[in-house]
>>> print(open('final-v4.cif').read())   # mmCIF, C-alpha atoms
data_run
#
loop_
_atom_site.group_PDB
_atom_site.id
_atom_site.type_symbol
_atom_site.label_atom_id
_atom_site.label_comp_id
_atom_site.auth_asym_id
_atom_site.auth_seq_id
_atom_site.Cartn_x
_atom_site.Cartn_y
_atom_site.Cartn_z
ATOM 1 C CA MET A 147 31.468 7.482 50.895
ATOM 2 C CA ILE A 148 29.873 8.462 47.588
ATOM 3 C CA ASN A 149 30.849 11.713 45.938
ATOM 4 C CA TYR A 150 27.909 12.970 43.858
ATOM 5 C CA ASN A 151 29.830 15.776 42.141
ATOM 6 C CA ASN A 152 29.349 15.914 38.350
ATOM 7 C CA ARG A 153 27.068 12.864 38.220
ATOM 8 C CA LYS A 154 24.043 12.651 35.926
ATOM 9 C CA PHE A 155 20.862 10.756 36.844
ATOM 10 C CA ALA A 156 17.609 9.885 35.074
ATOM 11 C CA SER A 157 14.307 8.748 36.530
ATOM 12 C CA VAL A 158 13.463 5.067 36.136
ATOM 13 C CA GLU A 159 10.417 4.845 38.429
ATOM 14 C CA ASN A 160 8.004 7.288 40.085
ATOM 15 C CA SER A 161 4.715 7.241 41.996
ATOM 16 C CA ALA A 162 1.560 8.797 40.598
ATOM 17 C CA GLY A 163 1.421 12.482 41.462
ATOM 18 C CA GLY A 164 5.108 13.036 40.738
ATOM 19 C CA GLU A 165 6.157 15.193 37.805
ATOM 20 C CA VAL A 166 9.561 13.582 37.205
ATOM 21 C CA SER A 167 9.619 11.128 34.265
ATOM 22 C CA SER A 168 12.136 9.127 32.239
ATOM 23 C CA LYS A 169 12.688 12.337 30.231
ATOM 24 C CA THR A 170 13.896 14.212 33.333
ATOM 25 C CA TYR A 171 17.649 14.457 33.858
ATOM 26 C CA PHE A 172 19.404 15.553 37.046
ATOM 27 C CA TYR A 173 22.920 17.039 37.130
ATOM 28 C CA TYR A 174 24.361 16.746 40.650
ATOM 29 C CA TYR A 175 27.121 18.839 42.250
ATOM 30 C CA GLN A 176 28.693 18.387 45.668
ATOM 31 C CA GLU A 177 30.829 20.725 47.792
ATOM 32 C CA GLY A 178 31.682 19.184 51.159
ATOM 33 C CA ASN A 179 28.402 17.871 52.494
ATOM 34 C CA ILE A 180 26.250 20.270 50.437
ATOM 35 C CA ILE A 181 24.441 18.782 47.438
ATOM 36 C CA THR A 182 22.854 20.793 44.626
ATOM 37 C CA ALA A 183 21.358 19.772 41.306
ATOM 38 C CA ASP A 184 19.827 21.228 38.182
ATOM 39 C CA TYR A 185 17.076 19.215 36.524
ATOM 40 C CA ALA A 186 14.764 19.471 33.528
ATOM 41 C CA GLY A 187 12.914 17.397 30.958
ATOM 42 C CA GLY A 188 9.474 15.954 30.373
ATOM 43 C CA ASP A 189 6.911 18.014 32.307
ATOM 44 C CA ILE A 190 9.652 20.015 34.047
ATOM 45 C CA VAL A 191 10.990 23.144 32.345
ATOM 46 C CA LYS A 192 13.646 23.976 34.957
ATOM 47 C CA GLY A 193 14.348 22.785 38.483
ATOM 48 C CA LYS A 194 16.842 23.196 41.319
ATOM 49 C CA LEU A 195 17.503 21.241 44.481
ATOM 50 C CA ILE A 196 19.707 21.878 47.502
ATOM 51 C CA GLY A 197 20.419 19.766 50.531
ATOM 52 C CA ILE A 198 22.765 17.743 52.683
ATOM 53 C CA VAL A 199 24.796 14.592 52.090
ATOM 54 C CA HIS A 200 24.763 12.624 55.357
ATOM 55 C CA THR A 201 27.701 10.498 56.568
ATOM 56 C CA ASP A 202 25.956 7.346 55.273
ATOM 57 C CA ALA A 203 25.782 8.959 51.766
ATOM 58 C CA SER A 204 22.004 9.408 52.021
ATOM 59 C CA LEU A 205 20.594 12.707 50.802
ATOM 60 C CA GLU A 206 18.090 15.086 52.318
ATOM 61 C CA PHE A 207 17.016 18.035 50.187
ATOM 62 C CA ARG A 208 14.366 20.503 49.080
ATOM 63 C CA TYR A 209 13.417 20.919 45.428
ATOM 64 C CA ASN A 210 11.615 23.554 43.358
ATOM 65 C CA HIS A 211 10.759 23.645 39.694
ATOM 66 C CA VAL A 212 8.587 25.243 37.035
ATOM 67 C CA ASN A 213 6.497 22.774 35.024
ATOM 68 C CA GLN A 214 5.063 22.926 31.487
ATOM 69 C CA SER A 215 1.856 24.456 32.920
ATOM 70 C CA ASN A 216 3.948 27.365 34.209
ATOM 71 C CA GLU A 217 3.306 26.349 37.831
ATOM 72 C CA ILE A 218 5.946 26.671 40.544
ATOM 73 C CA ARG A 219 6.123 23.385 42.472
ATOM 74 C CA GLY A 220 8.238 22.422 45.447
ATOM 75 C CA GLY A 221 8.827 19.736 48.027
ATOM 76 C CA GLN A 222 11.285 17.731 50.047
ATOM 77 C CA CYS A 223 12.975 14.386 49.559
ATOM 78 C CA LYS A 224 15.114 11.795 51.332
ATOM 79 C CA SER A 225 17.239 9.508 49.137
ATOM 80 C CA ILE A 226 19.028 6.273 49.992
ATOM 81 C CA PRO A 227 21.839 5.264 47.603
ATOM 82 C CA ILE A 228 22.192 1.712 46.316
ATOM 83 C CA VAL A 229 25.296 0.856 44.272
ATOM 84 C CA THR A 230 24.611 -1.868 41.689
ATOM 85 C CA GLU A 231 27.026 -4.692 40.860
ATOM 86 C CA GLU A 232 28.067 -2.612 37.834
ATOM 87 C CA GLY A 233 28.997 0.288 40.154
ATOM 88 C CA ILE A 234 26.050 2.447 39.079
ATOM 89 C CA ILE A 235 24.341 4.540 41.761
ATOM 90 C CA GLU A 236 20.577 4.306 42.210
ATOM 91 C CA LEU A 237 18.842 6.742 44.531
ATOM 92 C CA HIS A 238 15.731 5.312 46.189
ATOM 93 C CA GLU A 239 13.671 8.338 47.126
ATOM 94 C CA LYS A 240 10.761 9.256 49.339
ATOM 95 C CA TRP A 241 9.407 12.632 48.319
ATOM 96 C CA GLU A 242 6.635 14.940 49.461
ATOM 97 C CA TRP A 243 5.106 18.028 47.880
ATOM 98 C CA LEU A 244 5.080 21.058 50.177
ATOM 99 C CA ASP A 245 2.762 23.148 47.989
ATOM 100 C CA GLN A 246 -1.043 23.056 47.809
ATOM 101 C CA GLU A 247 -1.137 19.366 46.808
ATOM 102 C CA GLN A 248 0.894 17.979 49.768
ATOM 103 C CA SER A 249 0.883 14.418 48.436
ATOM 104 C CA SER A 250 3.853 12.055 48.691
ATOM 105 C CA GLY A 251 5.423 9.195 46.814
ATOM 106 C CA GLU A 252 8.505 7.179 46.000
ATOM 107 C CA SER A 253 10.859 7.200 43.050
ATOM 108 C CA ILE A 254 14.126 5.779 41.782
ATOM 109 C CA ILE A 255 16.680 7.689 39.760
ATOM 110 C CA ARG A 256 19.673 5.920 38.215
ATOM 111 C CA GLU A 257 23.100 7.229 37.304
ATOM 112 C CA VAL A 258 23.642 7.767 33.575
ATOM 113 C CA ARG A 259 27.182 7.240 32.297
#
>>> encode(input="final-v4.cif", output="C-alpha coordinates")
Amino acid sequence: MINYNNRKFASVENSAGGEVSSKTYFYYYQEGNIITADYAGGDIVKGKLIGIVHTDASLEFRYNHVNQSNEIRGGQCKSIPIVTEEGIIELHEKWEWLDQEQSSGESIIREVR
(Lines of atoms letter the chains of each structure in order from A and count residues from 1; the text may use other names and numbers.)
(Lines give C-alpha, C1' and ligand atoms only; values in the text may rest on other atoms or scores of the structure.)
Protein backbone atom coordinates (compact mmCIF):
# COMPACT_ATOMS: atom_id res chain seq x y z
CA MET A 1 0.00 0.00 0.00
CA ILE A 2 1.25 3.48 -0.87
CA ASN A 3 1.03 6.24 1.70
CA TYR A 4 0.71 9.58 -0.11
CA ASN A 5 1.15 11.74 3.00
CA ASN A 6 3.66 14.59 2.58
CA ARG A 7 4.57 13.68 -1.01
CA LYS A 8 5.18 16.29 -3.71
CA PHE A 9 4.32 15.73 -7.38
CA ALA A 10 4.83 17.67 -10.62
CA SER A 11 3.10 17.26 -13.96
CA VAL A 12 5.11 15.58 -16.71
CA GLU A 13 2.36 15.07 -19.31
CA ASN A 14 -1.16 16.40 -19.93
CA SER A 15 -3.82 16.36 -22.65
CA ALA A 16 -4.89 19.50 -24.45
CA GLY A 17 -7.63 21.26 -22.51
CA GLY A 18 -5.97 20.65 -19.15
CA GLU A 19 -4.61 23.57 -17.16
CA VAL A 20 -1.94 21.65 -15.23
CA SER A 21 1.60 22.11 -16.61
CA SER A 22 5.18 21.26 -15.67
CA LYS A 23 5.08 24.40 -13.48
CA THR A 24 2.24 22.99 -11.36
CA TYR A 25 3.19 21.31 -8.09
CA PHE A 26 0.93 19.14 -5.94
CA TYR A 27 1.41 18.63 -2.19
CA TYR A 28 -0.44 15.49 -1.06
CA TYR A 29 -1.69 14.62 2.44
CA GLN A 30 -3.33 11.40 3.58
CA GLU A 31 -5.35 10.57 6.71
CA GLY A 32 -6.63 6.99 6.65
CA ASN A 33 -8.16 6.55 3.22
CA ILE A 34 -8.83 10.28 2.71
CA ILE A 35 -6.51 12.10 0.30
CA THR A 36 -6.19 15.89 0.02
CA ALA A 37 -3.78 18.09 -1.87
CA ASP A 38 -2.90 21.72 -2.42
CA TYR A 39 -1.64 22.67 -5.87
CA ALA A 40 -0.49 25.77 -7.73
CA GLY A 41 1.82 26.96 -10.48
CA GLY A 42 1.71 27.81 -14.16
CA ASP A 43 -1.86 28.77 -15.11
CA ILE A 44 -3.18 27.76 -11.68
CA VAL A 45 -3.15 30.33 -8.88
CA LYS A 46 -4.49 28.03 -6.14
CA GLY A 47 -6.13 24.62 -6.12
CA LYS A 48 -7.46 21.97 -3.75
CA LEU A 49 -8.43 18.35 -4.20
CA ILE A 50 -10.14 15.83 -1.93
CA GLY A 51 -10.90 12.18 -2.43
CA ILE A 52 -10.43 8.55 -1.54
CA VAL A 53 -7.45 6.20 -1.60
CA HIS A 54 -8.76 2.77 -2.63
CA THR A 55 -7.31 -0.52 -1.33
CA ASP A 56 -5.29 -0.91 -4.56
CA ALA A 57 -3.69 2.54 -3.90
CA SER A 58 -5.60 4.13 -6.79
CA LEU A 59 -7.10 7.55 -6.18
CA GLU A 60 -10.51 8.97 -6.91
CA PHE A 61 -11.02 12.67 -6.23
CA ARG A 62 -12.62 15.99 -7.10
CA TYR A 63 -10.54 19.10 -7.75
CA ASN A 64 -11.20 22.85 -7.85
CA HIS A 65 -8.90 25.73 -8.61
CA VAL A 66 -8.70 29.38 -9.60
CA ASN A 67 -6.66 30.03 -12.76
CA GLN A 68 -4.72 33.10 -13.96
CA SER A 69 -7.88 34.32 -15.75
CA ASN A 70 -9.62 34.43 -12.36
CA GLU A 71 -11.96 31.59 -13.37
CA ILE A 72 -13.09 28.91 -10.92
CA ARG A 73 -12.61 25.49 -12.54
CA GLY A 74 -13.42 22.05 -11.24
CA GLY A 75 -13.59 18.40 -12.17
CA GLN A 76 -12.99 14.82 -11.18
CA CYS A 77 -10.10 12.42 -11.63
CA LYS A 78 -9.12 8.77 -11.23
CA SER A 79 -5.41 8.01 -10.78
CA ILE A 80 -3.53 4.72 -11.06
CA PRO A 81 -0.12 4.63 -9.33
CA ILE A 82 2.94 3.16 -11.03
CA VAL A 83 6.13 2.81 -8.97
CA THR A 84 9.27 3.14 -11.11
CA GLU A 85 12.39 1.01 -10.68
CA GLU A 86 13.86 3.95 -8.74
CA GLY A 87 10.91 3.81 -6.30
CA ILE A 88 9.34 7.03 -7.59
CA ILE A 89 5.54 7.17 -7.79
CA GLU A 90 3.87 8.19 -11.05
CA LEU A 91 0.13 8.80 -11.09
CA HIS A 92 -1.50 8.00 -14.43
CA GLU A 93 -4.68 10.05 -14.45
CA LYS A 94 -7.95 10.25 -16.31
CA TRP A 95 -9.62 13.56 -15.60
CA GLU A 96 -12.82 15.30 -16.61
CA TRP A 97 -13.98 18.89 -16.21
CA LEU A 98 -17.36 19.22 -14.50
CA ASP A 99 -17.83 22.91 -15.34
CA GLN A 100 -19.14 24.46 -18.56
CA GLU A 101 -16.39 22.89 -20.70
CA GLN A 102 -16.99 19.22 -19.70
CA SER A 103 -14.03 17.92 -21.71
CA SER A 104 -11.74 15.12 -20.54
CA GLY A 105 -8.16 14.01 -20.86
CA GLU A 106 -5.23 12.11 -19.42
CA SER A 107 -2.16 13.21 -17.52
CA ILE A 108 0.84 11.92 -15.62
CA ILE A 109 2.25 13.48 -12.49
CA ARG A 110 5.54 12.26 -11.01
CA GLU A 111 6.82 12.36 -7.45
CA VAL A 112 9.47 15.02 -6.80
CA ARG A 113 12.08 14.18 -4.17
>>> closest_residue(input="final-v4.cif", among="A:Leu205, A:Gly164, A:Asn210, A:Tyr185", to="His238 in chain A", atoms="all atoms listed in the file")
A:Leu205
>>> atom_distance(input="final-v4.cif", atom1="CA of Phe172 in chain A", atom2="CA of Tyr150 in chain A")
11.2 Å
>>> resolve_selection(input="final-v4.cif", expression="the PyMOL selection byres ((chain A and resi 244) around 12)", output="PyMOL selection string")
chain A and resi 208-210+218-223+241-243+245-250
>>> resolve_selection(input="final-v4.cif", expression="the PyMOL selection byres ((chain A and resi 198) around 6)", output="list in words")
Asn179, Ile180, Ile181, Gly197, Val199, Leu205 and Glu206 of chain A
>>> resolve_selection(input="final-v4.cif", expression="the PyMOL selection byres ((chain A and resi 173) around 7)", output="VMD selection string")
chain A and resid 152 to 155 171 to 172 174 to 175 183 to 185
>>> atom_distance(input="final-v4.cif", atom1="CA of Ser167 in chain A", atom2="CA of Ile190 in chain A")
8.9 Å
>>> atom_distance(input="final-v4.cif", atom1="CA of Glu252 in chain A", atom2="CA of Glu177 in chain A")
26.2 Å
>>> axis_aligned_box(input="final-v4.cif", around="range 242-255 of chain A", padding_each_side="4 Å", output="JSON")
{"center_x": 7.8, "center_y": 14.5, "center_z": 45.0, "size_x": 25.8, "size_y": 25.4, "size_z": 18.4}
>>> residues_around(input="final-v4.cif", residues="Ser157 in chain A", least_positions_apart="3", cutoff="10 Å", atoms="all atoms listed in the file", output="MDAnalysis selection string")
chainID A and resid 160 166:172 236:237 253:258
>>> write_last_selection(input="final-v4.cif", atoms="C-alpha atoms", output="PDB file, keeping the file's coordinate frame")
ATOM      1  CA  ASN A 160       8.004   7.288  40.085  1.00  0.00           C
ATOM      2  CA  VAL A 166       9.561  13.582  37.205  1.00  0.00           C
ATOM      3  CA  SER A 167       9.619  11.128  34.265  1.00  0.00           C
ATOM      4  CA  SER A 168      12.136   9.127  32.239  1.00  0.00           C
ATOM      5  CA  LYS A 169      12.688  12.337  30.231  1.00  0.00           C
ATOM      6  CA  THR A 170      13.896  14.212  33.333  1.00  0.00           C
ATOM      7  CA  TYR A 171      17.649  14.457  33.858  1.00  0.00           C
ATOM      8  CA  PHE A 172      19.404  15.553  37.046  1.00  0.00           C
ATOM      9  CA  GLU A 236      20.577   4.306  42.210  1.00  0.00           C
ATOM     10  CA  LEU A 237      18.842   6.742  44.531  1.00  0.00           C
ATOM     11  CA  SER A 253      10.859   7.200  43.050  1.00  0.00           C
ATOM     12  CA  ILE A 254      14.126   5.779  41.782  1.00  0.00           C
ATOM     13  CA  ILE A 255      16.680   7.689  39.760  1.00  0.00           C
ATOM     14  CA  ARG A 256      19.673   5.920  38.215  1.00  0.00           C
ATOM     15  CA  GLU A 257      23.100   7.229  37.304  1.00  0.00           C
ATOM     16  CA  VAL A 258      23.642   7.767  33.575  1.00  0.00           C
TER      17      VAL A 258
END
>>> closest_residue(input="final-v4.cif", among="A:Asn213, A:Asn149, A:Gly251, A:His200", to="Ile226 in chain A", atoms="only C-alpha atoms")
A:His200
>>> closest_residue(input="final-v4.cif", among="A:Val229, A:Leu195, A:Ala156, A:Met147", to="His211 in chain A", atoms="only C-alpha atoms")
A:Leu195
>>> closest_residue(input="final-v4.cif", among="A:Gly187, A:Ala203, A:Thr182, A:Glu165", to="Glu217 in chain A", atoms="only C-alpha atoms")
A:Glu165
>>> closest_residue(input="final-v4.cif", among="A:Gly163, A:Lys224, A:Ile235, A:Lys240", to="Phe207 in chain A", atoms="all atoms listed in the file")
A:Lys224
>>> build_atoms(input="final-v4.cif", residues="range 153-172 of chain A", atoms="N, CA and C atoms", output="tab-separated table (two decimals), in the frame of the given file")
chain	number	residue	atom	x	y	z
A	153	ARG	N	27.76	14.09	38.64
A	153	ARG	CA	27.07	12.86	38.22
A	153	ARG	C	25.71	13.23	37.62
A	154	LYS	N	25.32	12.44	36.63
A	154	LYS	CA	24.04	12.65	35.93
A	154	LYS	C	23.13	11.48	36.24
A	155	PHE	N	21.85	11.77	36.51
A	155	PHE	CA	20.86	10.76	36.84
A	155	PHE	C	19.62	10.95	35.98
A	156	ALA	N	18.90	9.85	35.77
A	156	ALA	CA	17.61	9.88	35.07
A	156	ALA	C	16.61	9.06	35.87
A	157	SER	N	15.37	9.46	35.81
A	157	SER	CA	14.31	8.75	36.53
A	157	SER	C	14.01	7.41	35.86
A	158	VAL	N	13.85	6.38	36.67
A	158	VAL	CA	13.46	5.07	36.14
A	158	VAL	C	12.14	4.60	36.72
A	159	GLU	N	11.67	5.25	37.79
A	159	GLU	CA	10.42	4.84	38.43
A	159	GLU	C	9.91	6.00	39.28
A	160	ASN	N	8.58	6.23	39.27
A	160	ASN	CA	8.00	7.29	40.08
A	160	ASN	C	6.54	6.98	40.40
A	161	SER	N	6.11	7.39	41.58
A	161	SER	CA	4.72	7.24	42.00
A	161	SER	C	3.83	8.21	41.21
A	162	ALA	N	2.55	7.88	41.16
A	162	ALA	CA	1.56	8.80	40.60
A	162	ALA	C	1.60	10.08	41.42
A	163	GLY	N	1.39	11.20	40.76
A	163	GLY	CA	1.42	12.48	41.46
A	163	GLY	C	2.77	13.17	41.36
A	164	GLY	N	3.79	12.44	40.96
A	164	GLY	CA	5.11	13.04	40.74
A	164	GLY	C	5.20	13.58	39.33
A	165	GLU	N	6.02	14.60	39.13
A	165	GLU	CA	6.16	15.19	37.80
A	165	GLU	C	7.44	14.76	37.09
A	166	VAL	N	8.32	14.08	37.80
A	166	VAL	CA	9.56	13.58	37.20
A	166	VAL	C	9.23	12.35	36.36
A	167	SER	N	9.84	12.27	35.17
A	167	SER	CA	9.62	11.13	34.26
A	167	SER	C	10.96	10.65	33.71
A	168	SER	N	10.91	9.65	32.86
A	168	SER	CA	12.14	9.13	32.24
A	168	SER	C	12.81	10.17	31.34
A	169	LYS	N	12.12	11.25	31.04
A	169	LYS	CA	12.69	12.34	30.23
A	169	LYS	C	13.35	13.42	31.09
A	170	THR	N	13.31	13.24	32.41
A	170	THR	CA	13.90	14.21	33.33
A	170	THR	C	15.31	13.79	33.69
A	171	TYR	N	16.25	14.72	33.52
A	171	TYR	CA	17.65	14.46	33.86
A	171	TYR	C	18.10	15.39	34.97
A	172	PHE	N	18.88	14.84	35.89
A	172	PHE	CA	19.40	15.55	37.05
A	172	PHE	C	20.92	15.64	36.92
